[in-house]
Amino acid sequence: MTILFINIKQLLQIREANVKVLAGKEMATLPLIENAFLLVKNGIIQGYGSMNELTEQKADEIIDCSGRLVLPSWCDSHTHLVFGEDRSDEFVDRVKGLSYEEIAQKGGGILNSAKKINQISEDVLFEKSVARLKNVIAQGTGALEIKSGYGLTVEGELKILRVIKRLKETFNIPIKSTFLGAHAIPKEYKDNPDRYVELIINEMLPRVSKENLADFIDAFCETGYFTPQQMDKVLKAGKKHGLIAKVHVNQFNSIGGIEVSVNNKALSVDHLEILSDKEISLLKNKGTIPVSLPLCSLFLEIPYTPSRKVIDSGLPLAIASDFNPGSAPSSNMNLVVALSCIKMKLSPEEAINAATLNAAYAMNLENLVGSITVGKKANLIITRKLDSYQQLPYYFGDNLVEQVLLNGKTV
C-alpha cells in the first residue's frame, strides 16, 4: 500500500537517519521543504522532496495537502495515563488556596489515586485508559511513555503495568512502559519508608521482570517522597532486571537527585523546575536528557523549568505533558509546545524539536519516530491550513490538527 502526499505547504523535521538527538544551538534549526511531497509505503516513510522533483504521481492513494503542514506526530515521553478517577475535587481545594503538598498531607495527591486504583478491576481500568489513549492520539501524539505509580501495592502496580501492556497490544502505536513503584510512600510505611523500598526491590521488581511489564524504572526523588539514597537503591535494583532509569527530580526542591540519576546513567531527568548551574554542569556530556513538563507548572502555579538556560548551556531538551490526574490533567502536546515558547522562551523551532526528535530520544524511540526520515514510521500530523509552522505555538488555544496518521493510516 503506497500513499503519496502532495502539495504540502511545509514538510517539517526532515532528518537523516544518523541524527538521533539535538543539543544546544542545533535545536534552533528545523529543516523543512516548501511545496513538498511525501511517499509512504506500508506505513514506512520511503521518500520526500520538492513537488518540482516529483516526476511521477502514482500510488494506491494520493492525498492533497494544499495549504497544510505535515510533520512527525508528537512524542510524549512522560505520562501517567493509566489512573482510576480524576481528582477534580482536589482542584477545587487548590483553587481555594491549598498547595500540592498540603493536599497530599490531608490524604489527597498520589495516595488518593492509589486508593482509587486498588478499588477497581483491571478490565475497568483498561477501558478508562483506552478512552484516554484515543483522545491522546486524536490530539496528534504518535508515541508515548506511560508510568505506573498509582498502585503502591504489589498487585496495584502490577495491575497498572498489565493495563499498559494491553494498550501496547491493542493500539498500533509505540508505547513505552515505566515501573514507578517509588512514586509515594504508602500510609502504612510512613514511619519506615525503607521497608517500602525493600518491598519495591524484593517483591515488586521480580514480578515486573518475570512478566516483562516494563522498559524503564522511575522514582520520585523529592522532599517527603524518596531520598536520593532510596532512589539510588531502586534504580540499581532496576538495572539488575534490565530496566533503564527515567526519573522525577527537582520538582519542588533540589536534594541531590540529579547526581544520583547521572551516576545511574538515567536516560532522562524529568521536571527540573528547580535547577542550579551546578546541576546543569552535571548533565553535560552524560547522555541524560533533561525533560521539562510545562503543563504541570501551569496547573500547579510553580516555576517553569529554566529551559532557555538548559539549551543555551549546550544541553539537549525534550518536553512532555506529564498527563496525570493531580498536577497535569491534560494530554495536549500542542499546548505543551505553545507553553514552551510562551513561558520558557523557546523558539518555535526549539519547541517542535523538543516535542518530536528529542522526545523520541527520551524514550529510546529515536530510530522509529520523531522525524521525517526514510525508514521511520509514518506517524504524522496534517494540520489545518496554515501559513507557517510558527502559527502552531501562536494559536495556543486552537486545535490545529486536522488529521492524524499512525503507520500511514488515518486515525
# chains A, B, ... in the order shown; residues from 1 in each chain; ligands from 1

$ closest_atom_pairs --of "region 13-111 of chain A" --to "region 278-287 of chain A" --cutoff "12 Å" --atoms "only C-alpha atoms" --output "Markdown table"
| residue | atom | partner | partner_atom | distance |
| --- | --- | --- | --- | --- |
| A:Lys20 | CA | A:Gly287 | CA | 11.5 |
| A:Val21 | CA | A:Gly287 | CA | 9.8 |
| A:Leu22 | CA | A:Gly287 | CA | 11.4 |
| A:Ala23 | CA | A:Asn285 | CA | 10.2 |
| A:Gly24 | CA | A:Lys284 | CA | 10.8 |

$ write_last_selection --atoms "N, CA and C atoms" --output "PDB file, in the first residue's frame"
ATOM      1  N   LYS A  20      20.139  11.651  15.856  1.00  0.00           N
ATOM      2  CA  LYS A  20      19.400  10.976  16.930  1.00  0.00           C
ATOM      3  C   LYS A  20      18.829  11.936  17.964  1.00  0.00           C
ATOM      4  N   VAL A  21      19.599  12.999  18.272  1.00  0.00           N
ATOM      5  CA  VAL A  21      19.195  13.951  19.300  1.00  0.00           C
ATOM      6  C   VAL A  21      19.857  15.276  18.988  1.00  0.00           C
ATOM      7  N   LEU A  22      19.199  16.364  19.383  1.00  0.00           N
ATOM      8  CA  LEU A  22      19.699  17.703  19.112  1.00  0.00           C
ATOM      9  C   LEU A  22      20.013  18.402  20.424  1.00  0.00           C
ATOM     10  N   ALA A  23      21.145  19.111  20.458  1.00  0.00           N
ATOM     11  CA  ALA A  23      21.565  19.772  21.684  1.00  0.00           C
ATOM     12  C   ALA A  23      21.960  21.219  21.391  1.00  0.00           C
ATOM     13  N   GLY A  24      21.745  22.069  22.374  1.00  0.00           N
ATOM     14  CA  GLY A  24      22.200  23.444  22.272  1.00  0.00           C
ATOM     15  C   GLY A  24      21.709  24.151  21.026  1.00  0.00           C
TER      16      GLY A  24
END

$ select_by_dssp --residues "region 134-267 of chain A" --states "helix (DSSP H, G or I)" --output "ChimeraX atom specification"
/A:134-138,154-170,187-189,193-210,228-240,257-263

$ residues_around --residues "region 163-173 of chain A" --least-positions-apart "4" --cutoff "10 Å" --atoms "only C-alpha atoms" --output "PyMOL selection string"
chain A and resi 81-82+122-127+129-130+133-134+137+141-148+158-159+177-178+211-214+377+379+406-407

$ residues_around --residues "Leu365 (chain A)" --least-positions-apart "5" --cutoff "9 Å" --atoms "only C-alpha atoms" --output "PyMOL selection string"
chain A and resi 143+174+176+357+359-360+370

$ write_last_selection --atoms "C-alpha atoms" --output "PDB file, in the first residue's frame"
ATOM      1  CA  ALA A 143       4.351   7.700  20.540  1.00  0.00           C
ATOM      2  CA  PRO A 174       4.800   2.866  20.084  1.00  0.00           C
ATOM      3  CA  LYS A 176       6.984   2.519  26.480  1.00  0.00           C
ATOM      4  CA  LEU A 357      13.022  14.048  17.756  1.00  0.00           C
ATOM      5  CA  ALA A 359      11.212  13.422  22.899  1.00  0.00           C
ATOM      6  CA  ALA A 360      11.629  10.222  20.902  1.00  0.00           C
ATOM      7  CA  GLY A 370      10.247  11.716  15.753  1.00  0.00           C
TER       8      GLY A 370
END

$ closest_atom_pairs --of "region 16-84 of chain A" --to "region 345-356 of chain A" --cutoff "10 Å" --atoms "only C-alpha atoms" --output "Markdown table"
| residue | atom | partner | partner_atom | distance |
| --- | --- | --- | --- | --- |
| A:Val21 | CA | A:Asn353 | CA | 9.0 |
| A:Leu22 | CA | A:Asn353 | CA | 7.7 |
| A:Ala23 | CA | A:Ala354 | CA | 9.7 |
| A:Gly24 | CA | A:Glu350 | CA | 9.4 |
| A:Lys25 | CA | A:Glu350 | CA | 9.1 |
| A:Glu26 | CA | A:Glu350 | CA | 8.6 |
| A:Met27 | CA | A:Glu350 | CA | 4.9 |
| A:Ala28 | CA | A:Glu350 | CA | 5.2 |
| A:Thr29 | CA | A:Glu349 | CA | 6.1 |
| A:Leu30 | CA | A:Glu349 | CA | 5.4 |
| A:Pro31 | CA | A:Glu349 | CA | 9.1 |
| A:Leu71 | CA | A:Thr356 | CA | 9.1 |
| A:Pro72 | CA | A:Thr356 | CA | 6.8 |
| A:Ser73 | CA | A:Thr356 | CA | 7.0 |
| A:Trp74 | CA | A:Thr356 | CA | 5.3 |
| A:Cys75 | CA | A:Thr356 | CA | 5.3 |
| A:Asp76 | CA | A:Ala355 | CA | 7.1 |
| A:Ser77 | CA | A:Ala355 | CA | 8.8 |

$ residues_around --residues "Lys187 (chain A)" --least-positions-apart "5" --cutoff "10 Å" --atoms "only C-alpha atoms" --output "JSON, numbers by chain"
{"A": [107, 111, 192, 193]}

$ write_last_selection --atoms "C-alpha atoms" --output "CSV table (one decimal), in the first residue's frame"
chain,number,residue,atom,x,y,z
A,107,GLY,CA,-4.9,12.4,52.2
A,111,LEU,CA,-2.2,8.4,47.7
A,192,ASN,CA,9.5,3.3,58.0
A,193,PRO,CA,9.8,4.2,54.3
